[in-house]
file work_25.pdb (PDB, C-alpha atoms)
MODEL        1
ATOM      1  CA  MET C  28     -32.038  -3.750   7.723
ATOM      2  CA  SER C  29     -33.909  -7.005   7.157
ATOM      3  CA  LEU C  30     -33.959  -6.475   3.374
ATOM      4  CA  ALA C  31     -30.188  -6.103   3.392
ATOM      5  CA  GLU C  32     -29.676  -9.210   5.478
ATOM      6  CA  THR C  33     -32.029 -11.206   3.254
ATOM      7  CA  ALA C  34     -30.056 -10.099   0.207
ATOM      8  CA  LYS C  35     -26.840 -11.088   1.981
ATOM      9  CA  LYS C  36     -28.202 -14.577   2.676
ATOM     10  CA  ARG C  37     -29.038 -14.901  -1.034
ATOM     11  CA  LYS C  38     -25.429 -13.871  -1.735
ATOM     12  CA  SER C  39     -26.623 -10.734  -3.525
ATOM     13  CA  PHE C  40     -23.874  -8.682  -1.930
ATOM     14  CA  LYS C  41     -24.192  -5.598  -4.113
ATOM     15  CA  GLU C  42     -27.928  -5.451  -3.426
ATOM     16  CA  ALA C  43     -27.269  -5.867   0.300
ATOM     17  CA  GLY C  44     -24.694  -3.078   0.203
ATOM     18  CA  ASP C  45     -27.157  -0.852  -1.635
ATOM     19  CA  PHE C  46     -29.798  -1.504   1.028
ATOM     20  CA  TYR C  47     -27.334  -0.649   3.777
ATOM     21  CA  MET C  48     -26.368   2.567   1.997
ATOM     22  CA  GLU C  49     -30.056   3.450   1.674
ATOM     23  CA  LEU C  50     -30.380   2.983   5.420
ATOM     24  CA  ASP C  51     -27.492   5.427   5.861
ATOM     25  CA  ARG C  52     -29.264   7.895   3.602
ATOM     26  CA  LEU C  53     -32.569   7.597   5.464
ATOM     27  CA  TYR C  54     -31.123   7.842   8.991
ATOM     28  CA  PRO C  55     -28.019  10.028   8.712
ATOM     29  CA  TYR C  56     -25.757  10.473  11.748
ATOM     30  CA  SER C  57     -27.514   7.756  13.725
ATOM     31  CA  ASP C  58     -26.267   4.507  15.213
ATOM     32  CA  LYS C  59     -28.220   2.712  12.479
ATOM     33  CA  SER C  60     -26.339   4.710   9.873
ATOM     34  CA  ARG C  61     -22.953   3.976  11.408
ATOM     35  CA  LYS C  62     -23.666   0.245  11.600
ATOM     36  CA  ALA C  63     -25.147   0.245   8.103
ATOM     37  CA  LEU C  64     -21.986   1.788   6.666
ATOM     38  CA  VAL C  65     -19.863  -0.938   8.266
ATOM     39  CA  GLU C  66     -22.161  -3.636   6.905
ATOM     40  CA  ALA C  67     -22.164  -1.969   3.478
ATOM     41  CA  MET C  68     -18.350  -2.098   3.409
ATOM     42  CA  LYS C  69     -18.396  -5.793   4.239
ATOM     43  CA  SER C  70     -21.147  -6.612   1.742
ATOM     44  CA  TYR C  71     -19.592  -4.713  -1.130
ATOM     45  CA  HIS C  72     -16.190  -6.218  -0.434
ATOM     46  CA  GLU C  73     -17.575  -9.729  -0.251
ATOM     47  CA  GLY C  74     -19.271  -9.149  -3.599
ATOM     48  CA  THR C  75     -16.016  -7.763  -5.070
ATOM     49  CA  GLU C  76     -17.592  -4.347  -5.543
ATOM     50  CA  LEU C  77     -14.286  -2.798  -4.497
ATOM     51  CA  SER C  78     -15.006   0.788  -5.477
ATOM     52  CA  ASN C  79     -18.334   0.731  -3.599
ATOM     53  CA  ALA C  80     -16.623  -0.821  -0.574
ATOM     54  CA  ARG C  81     -14.047   1.958  -0.692
ATOM     55  CA  LEU C  82     -16.713   4.665  -1.035
ATOM     56  CA  SER C  83     -18.714   3.403   1.938
ATOM     57  CA  ALA C  84     -15.535   3.107   4.015
ATOM     58  CA  LYS C  85     -14.498   6.647   3.116
ATOM     59  CA  ARG C  86     -17.965   7.895   3.971
ATOM     60  CA  TYR C  87     -17.667   6.248   7.374
ATOM     61  CA  LEU C  88     -14.277   7.891   7.935
ATOM     62  CA  MET C  89     -15.617  11.260   6.853
ATOM     63  CA  LEU C  90     -18.574  11.067   9.247
ATOM     64  CA  TYR C  91     -16.954   9.178  12.149
ATOM     65  CA  PRO C  92     -13.153   9.662  12.028
ATOM     66  CA  LYS C  93     -12.814   8.612  15.672
ATOM     67  CA  GLY C  94     -15.679   6.118  15.610
ATOM     68  CA  PRO C  95     -15.374   2.615  17.019
ATOM     69  CA  ASP C  96     -14.955   1.113  13.541
ATOM     70  CA  ALA C  97     -12.705   3.815  12.069
ATOM     71  CA  ALA C  98      -9.638   1.565  11.996
ATOM     72  CA  PHE C  99     -11.658  -1.133  10.247
ATOM     73  CA  ALA C 100     -12.934   1.411   7.713
ATOM     74  CA  GLN C 101      -9.378   2.600   7.002
ATOM     75  CA  TYR C 102      -8.294  -1.028   6.617
ATOM     76  CA  MET C 103     -11.148  -1.601   4.162
ATOM     77  CA  VAL C 104     -10.030   1.370   2.058
ATOM     78  CA  GLY C 105      -6.547  -0.138   1.814
ATOM     79  CA  LEU C 106      -7.915  -3.636   1.268
ATOM     80  CA  SER C 107     -10.132  -2.455  -1.582
ATOM     81  CA  PHE C 108      -7.020  -1.213  -3.371
ATOM     82  CA  PHE C 109      -4.979  -4.258  -2.360
ATOM     83  CA  ASP C 110      -7.536  -6.653  -3.812
ATOM     84  CA  ALA C 111      -7.397  -4.758  -7.112
ATOM     85  CA  ILE C 112      -3.667  -5.414  -7.570
ATOM     86  CA  VAL C 113      -2.924  -7.360 -10.737
ATOM     87  CA  ASP C 114       0.102  -8.838 -12.484
ATOM     88  CA  VAL C 115       3.457  -7.037 -12.001
ATOM     89  CA  ARG C 116       3.584  -6.318 -15.723
ATOM     90  CA  ARG C 117       0.447  -4.178 -15.452
ATOM     91  CA  ASP C 118      -0.157  -0.716 -13.991
ATOM     92  CA  GLN C 119       0.560  -0.690 -10.252
ATOM     93  CA  GLY C 120      -1.667   2.231  -9.298
ATOM     94  CA  ALA C 121      -3.697  -0.015  -7.002
ATOM     95  CA  ALA C 122      -0.533  -1.144  -5.203
ATOM     96  CA  LEU C 123       0.573   2.468  -4.719
ATOM     97  CA  HIS C 124      -2.823   3.402  -3.304
ATOM     98  CA  ALA C 125      -2.831   0.328  -1.048
ATOM     99  CA  VAL C 126       0.582   1.327   0.332
ATOM    100  CA  ARG C 127      -0.641   4.866   1.013
ATOM    101  CA  GLU C 128      -3.832   3.720   2.757
ATOM    102  CA  PHE C 129      -2.143   1.019   4.849
ATOM    103  CA  GLN C 130       0.536   3.503   5.932
ATOM    104  CA  LYS C 131      -2.238   5.910   6.910
ATOM    105  CA  LEU C 132      -3.851   3.146   8.985
ATOM    106  CA  ASP C 133      -0.570   2.458  10.745
ATOM    107  CA  LEU C 134      -0.070   6.164  11.402
ATOM    108  CA  GLU C 135      -3.580   7.005  12.635
ATOM    109  CA  TYR C 136      -4.534   3.746  14.372
ATOM    110  CA  PRO C 137      -1.239   2.102  15.442
ATOM    111  CA  GLU C 138      -2.812   0.171  18.334
ATOM    112  CA  SER C 139      -5.507  -1.344  16.150
ATOM    113  CA  SER C 140      -5.597  -5.065  15.462
ATOM    114  CA  TYR C 141      -6.028  -4.134  11.794
ATOM    115  CA  SER C 142      -2.605  -2.503  11.817
ATOM    116  CA  SER C 143      -0.821  -5.861  11.942
ATOM    117  CA  LEU C 144      -3.024  -7.229   9.142
ATOM    118  CA  ALA C 145      -2.257  -4.131   7.109
ATOM    119  CA  ASN C 146       1.489  -4.527   7.662
ATOM    120  CA  LYS C 147       1.414  -7.985   6.081
ATOM    121  CA  LYS C 148      -0.457  -6.664   3.075
ATOM    122  CA  LEU C 149       1.861  -3.656   2.964
ATOM    123  CA  GLN C 150       4.871  -5.948   2.507
ATOM    124  CA  ILE C 151       3.103  -7.743  -0.321
ATOM    125  CA  SER C 152       2.300  -4.386  -1.938
ATOM    126  CA  TYR C 153       5.953  -3.350  -1.694
ATOM    127  CA  SER C 154       6.962  -6.627  -3.341
ATOM    128  CA  GLN C 155       4.467  -5.980  -6.094
ATOM    129  CA  LEU C 156       5.938  -2.535  -6.741
ATOM    130  CA  ALA C 157       9.465  -3.912  -6.661
ATOM    131  CA  GLY C 158       8.433  -6.666  -9.071
ATOM    132  CA  GLN C 159       7.134  -4.116 -11.501
ATOM    133  CA  GLU C 160      10.382  -2.140 -11.338
ATOM    134  CA  MET C 161      12.300  -5.363 -11.970
ATOM    135  CA  SER C 162      10.056  -6.232 -14.907
ATOM    136  CA  VAL C 163      10.655  -2.837 -16.498
ATOM    137  CA  GLY C 164      14.390  -3.108 -15.747
ATOM    138  CA  ARG C 165      14.566  -6.505 -17.469
ATOM    139  CA  TYR C 166      12.752  -5.046 -20.459
ATOM    140  CA  TYR C 167      15.371  -2.312 -20.716
ATOM    141  CA  MET C 168      18.144  -4.901 -20.395
ATOM    142  CA  LYS C 169      16.758  -6.821 -23.381
ATOM    143  CA  ARG C 170      16.662  -3.587 -25.360
ATOM    144  CA  GLU C 171      20.255  -2.857 -24.311
ATOM    145  CA  ALA C 172      19.184   0.358 -22.578
ATOM    146  CA  TYR C 173      21.523  -0.340 -19.693
ATOM    147  CA  LEU C 174      21.349   3.055 -17.987
ATOM    148  CA  ALA C 175      17.548   2.895 -17.832
ATOM    149  CA  ALA C 176      17.759  -0.676 -16.504
ATOM    150  CA  ILE C 177      20.276   0.316 -13.832
ATOM    151  CA  ASN C 178      18.026   3.184 -12.745
ATOM    152  CA  ARG C 179      15.112   0.763 -12.293
ATOM    153  CA  PHE C 180      17.257  -1.713 -10.376
ATOM    154  CA  ASN C 181      18.546   1.110  -8.146
ATOM    155  CA  ILE C 182      14.953   1.994  -7.265
ATOM    156  CA  VAL C 183      14.453  -1.579  -6.067
ATOM    157  CA  VAL C 184      17.647  -1.512  -3.999
ATOM    158  CA  ASP C 185      16.919   1.918  -2.503
ATOM    159  CA  GLN C 186      13.164   1.788  -1.924
ATOM    160  CA  TYR C 187      12.324  -1.903  -1.693
ATOM    161  CA  ALA C 188      15.355  -3.386   0.050
ATOM    162  CA  ASN C 189      13.190  -5.672   2.198
ATOM    163  CA  THR C 190      11.678  -7.496  -0.754
ATOM    164  CA  ILE C 191      12.827 -10.653  -2.492
ATOM    165  CA  PHE C 192      13.739  -8.609  -5.566
ATOM    166  CA  SER C 193      16.513  -6.598  -3.895
ATOM    167  CA  VAL C 194      19.031  -9.452  -4.205
ATOM    168  CA  GLU C 195      18.465  -9.768  -7.947
ATOM    169  CA  ALA C 196      18.537  -5.986  -8.409
TER     170      ALA C 196
ENDMDL
END
call {"tool": "encode", "arguments": {"input": "work_25.pdb", "output": "structure tokens"}}
result
Amino acid sequence: MSLAETAKKRKSFKEAGDFYMELDRLYPYSDKSRKALVEAMKSYHEGTELSNARLSAKRYLMLYPKGPDAAFAQYMVGLSFFDAIVDVRRDQGAALHAVREFQKLDLEYPESSYSSLANKKLQISYSQLAGQEMSVGRYYMKREAYLAAINRFNIVVDQYANTIFSVEA
């Protein structure tokens, strides 16, 4: 544990996360392991090791689905996808995954304080998806493929009515 915390102080977040995961490996199913997984999530996320943060969070959820930090772990899974969202003109797979994981958090842990944080990020993810549909629709408009453009705009109106893009669509 002290090696991980030393690495954290040096801002070597990936190294700290690796040390915490090693602690989980050495002491499986213990309180040390549970706490180490939570710290690994935080360290990896702080070091922008999003896939490692997601893996440690999913491991926590697999081992301790009703544990005291399960809602936080579910939030971290969604946040790891949310932080990977890029420009609306790019692939929105991360936004789709973030929506799925934040909805799962809201469904499984509705009383959690992380649920309200997730709802804010969920709205941003919906806007991102709507923005991508609008971007593709505008592309089709320029190419005079009006039916394809209308289909994209209808998706925004039907599925993302609460976003800023619904008025334009």
call {"tool": "resolve_selection", "arguments": {"input": "work_25.pdb", "expression": "the PyMOL selection byres ((chain C and resi 31) around 12)", "output": "list in words"}}
result
Met28, Ser29, Leu30, Glu32, Thr33, Ala34, Lys35, Lys36, Arg37, Lys38, Ser39, Phe40, Lys41, Glu42, Ala43, Gly44, Asp45, Phe46, Tyr47, Met48, Glu49, Leu50, Ala63, Leu64, Glu66, Ala67, Lys69, Ser70 and Tyr71 of chain C
call {"tool": "residues_around", "arguments": {"input": "work_25.pdb", "residues": "Gly164 in chain C", "least_positions_apart": "2", "cutoff": "7 Å", "atoms": "all atoms listed in the file", "output": "PyMOL selection string"}}
result
chain C and resi 160-162+166-168+176+179-180
call {"tool": "residues_around", "arguments": {"input": "work_25.pdb", "residues": "range 136-145 of chain C", "least_positions_apart": "2", "cutoff": "10 Å", "atoms": "only C-alpha atoms", "output": "list of chain:residue names"}}
result
C:Lys93, C:Ala97, C:Ala98, C:Phe99, C:Ala100, C:Gln101, C:Tyr102, C:Met103, C:Gly105, C:Leu106, C:Phe109, C:Ala125, C:Val126, C:Glu128, C:Phe129, C:Gln130, C:Lys131, C:Leu132, C:Asp133, C:Leu134, C:Lys147, C:Lys148, C:Leu149, C:Gln150, C:Ile151
call {"tool": "resolve_selection", "arguments": {"input": "work_25.pdb", "expression": "the PyMOL selection byres ((chain C and resi 193) around 10)", "output": "number ranges by chain"}}
result
C: 154, 157-158, 161, 180-192, 194-196
call {"tool": "atom_distance", "arguments": {"input": "work_25.pdb", "atom1": "CA of Arg165 in chain C", "atom2": "CA of Arg116 in chain C"}}
result
11.1 Å
call {"tool": "atom_distance", "arguments": {"input": "work_25.pdb", "atom1": "CA of Tyr56 in chain C", "atom2": "CA of Tyr87 in chain C"}}
result
10.1 Å
call {"tool": "atom_distance", "arguments": {"input": "work_25.pdb", "atom1": "CA of Asp118 in chain C", "atom2": "CA of Met68 in chain C"}}
result
25.2 Å
call {"tool": "closest_residue", "arguments": {"input": "work_25.pdb", "among": "C:Asp58, C:Asp96, C:Asp110, C:Asp51", "to": "His72 in chain C", "atoms": "only C-alpha atoms"}}
result
C:Asp110
call {"tool": "closest_residue", "arguments": {"input": "work_25.pdb", "among": "C:Thr75, C:Gly120, C:Asn178, C:Val104", "to": "Leu88 in chain C", "atoms": "all atoms listed in the file"}}
result
C:Val104
call {"tool": "closest_residue", "arguments": {"input": "work_25.pdb", "among": "C:Pro92, C:Asp114, C:Ser107, C:Lys59", "to": "Asn79 in chain C", "atoms": "all atoms listed in the file"}}
result
C:Ser107
call {"tool": "closest_residue", "arguments": {"input": "work_25.pdb", "among": "C:Ala175, C:Ala111, C:Leu77, C:Leu90", "to": "Val163 in chain C", "atoms": "only C-alpha atoms"}}
result
C:Ala175
call {"tool": "residues_around", "arguments": {"input": "work_25.pdb", "residues": "Leu156 in chain C", "least_positions_apart": "4", "cutoff": "7 Å", "atoms": "all atoms listed in the file", "output": "short mmCIF file (atom, residue, chain, number, x, y, z; two decimals) with C-alpha atoms, keeping the file's coordinate frame"}}
result
data_model
loop_
_atom_site.label_atom_id
_atom_site.label_comp_id
_atom_site.auth_asym_id
_atom_site.auth_seq_id
_atom_site.Cartn_x
_atom_site.Cartn_y
_atom_site.Cartn_z
CA GLN C 119 0.56 -0.69 -10.25
CA ALA C 122 -0.53 -1.14 -5.20
CA SER C 152 2.30 -4.39 -1.94
CA GLU C 160 10.38 -2.14 -11.34
#
call {"tool": "build_atoms", "arguments": {"input": "work_25.pdb", "residues": "range 42-66 of chain C", "atoms": "N, CA and C atoms", "output": "compact mmCIF listing (two decimals), keeping the file's coordinate frame"}}
result
# COMPACT_ATOMS: atom_id res chain seq x y z
N GLU C 42 -26.59 -5.86 -3.84
CA GLU C 42 -27.93 -5.45 -3.43
C GLU C 42 -27.97 -5.19 -1.92
N ALA C 43 -27.32 -6.06 -1.16
CA ALA C 43 -27.27 -5.87 0.30
C ALA C 43 -26.56 -4.56 0.63
N GLY C 44 -25.43 -4.32 -0.02
CA GLY C 44 -24.69 -3.08 0.20
C GLY C 44 -25.53 -1.87 -0.14
N ASP C 45 -26.29 -1.96 -1.24
CA ASP C 45 -27.16 -0.85 -1.64
C ASP C 45 -28.23 -0.59 -0.58
N PHE C 46 -28.80 -1.66 -0.02
CA PHE C 46 -29.80 -1.50 1.03
C PHE C 46 -29.19 -0.84 2.27
N TYR C 47 -27.99 -1.26 2.62
CA TYR C 47 -27.33 -0.65 3.78
C TYR C 47 -27.05 0.83 3.53
N MET C 48 -26.63 1.16 2.31
CA MET C 48 -26.37 2.57 2.00
C MET C 48 -27.66 3.39 2.02
N GLU C 49 -28.76 2.77 1.61
CA GLU C 49 -30.06 3.45 1.67
C GLU C 49 -30.43 3.73 3.12
N LEU C 50 -30.13 2.79 3.99
CA LEU C 50 -30.38 2.98 5.42
C LEU C 50 -29.57 4.17 5.95
N ASP C 51 -28.32 4.28 5.48
CA ASP C 51 -27.49 5.43 5.86
C ASP C 51 -28.11 6.73 5.36
N ARG C 52 -28.66 6.70 4.17
CA ARG C 52 -29.26 7.90 3.60
C ARG C 52 -30.53 8.30 4.37
N LEU C 53 -31.31 7.31 4.78
CA LEU C 53 -32.57 7.60 5.46
C LEU C 53 -32.39 8.04 6.91
N TYR C 54 -31.36 7.53 7.58
CA TYR C 54 -31.12 7.84 8.99
C TYR C 54 -29.70 8.38 9.19
N PRO C 55 -29.40 9.53 8.61
CA PRO C 55 -28.02 10.03 8.71
C PRO C 55 -27.62 10.34 10.15
N TYR C 56 -26.36 10.14 10.45
CA TYR C 56 -25.76 10.47 11.75
C TYR C 56 -26.37 9.71 12.92
N SER C 57 -26.94 8.56 12.66
CA SER C 57 -27.51 7.76 13.72
C SER C 57 -26.67 6.50 13.93
N ASP C 58 -26.95 5.78 15.00
CA ASP C 58 -26.27 4.51 15.21
C ASP C 58 -26.59 3.53 14.09
N LYS C 59 -27.83 3.58 13.60
CA LYS C 59 -28.22 2.71 12.48
C LYS C 59 -27.36 3.01 11.26
N SER C 60 -27.14 4.29 11.02
CA SER C 60 -26.34 4.71 9.87
C SER C 60 -24.90 4.22 10.01
N ARG C 61 -24.35 4.40 11.17
CA ARG C 61 -22.95 3.98 11.41
C ARG C 61 -22.81 2.47 11.19
N LYS C 62 -23.72 1.70 11.76
CA LYS C 62 -23.67 0.24 11.60
C LYS C 62 -23.93 -0.16 10.15
N ALA C 63 -24.83 0.55 9.50
CA ALA C 63 -25.15 0.24 8.10
C ALA C 63 -23.94 0.48 7.20
N LEU C 64 -23.18 1.53 7.46
CA LEU C 64 -21.99 1.79 6.67
C LEU C 64 -20.96 0.66 6.82
N VAL C 65 -20.79 0.18 8.03
CA VAL C 65 -19.86 -0.94 8.27
C VAL C 65 -20.33 -2.18 7.52
N GLU C 66 -21.61 -2.46 7.60
CA GLU C 66 -22.16 -3.64 6.90
C GLU C 66 -22.09 -3.46 5.39
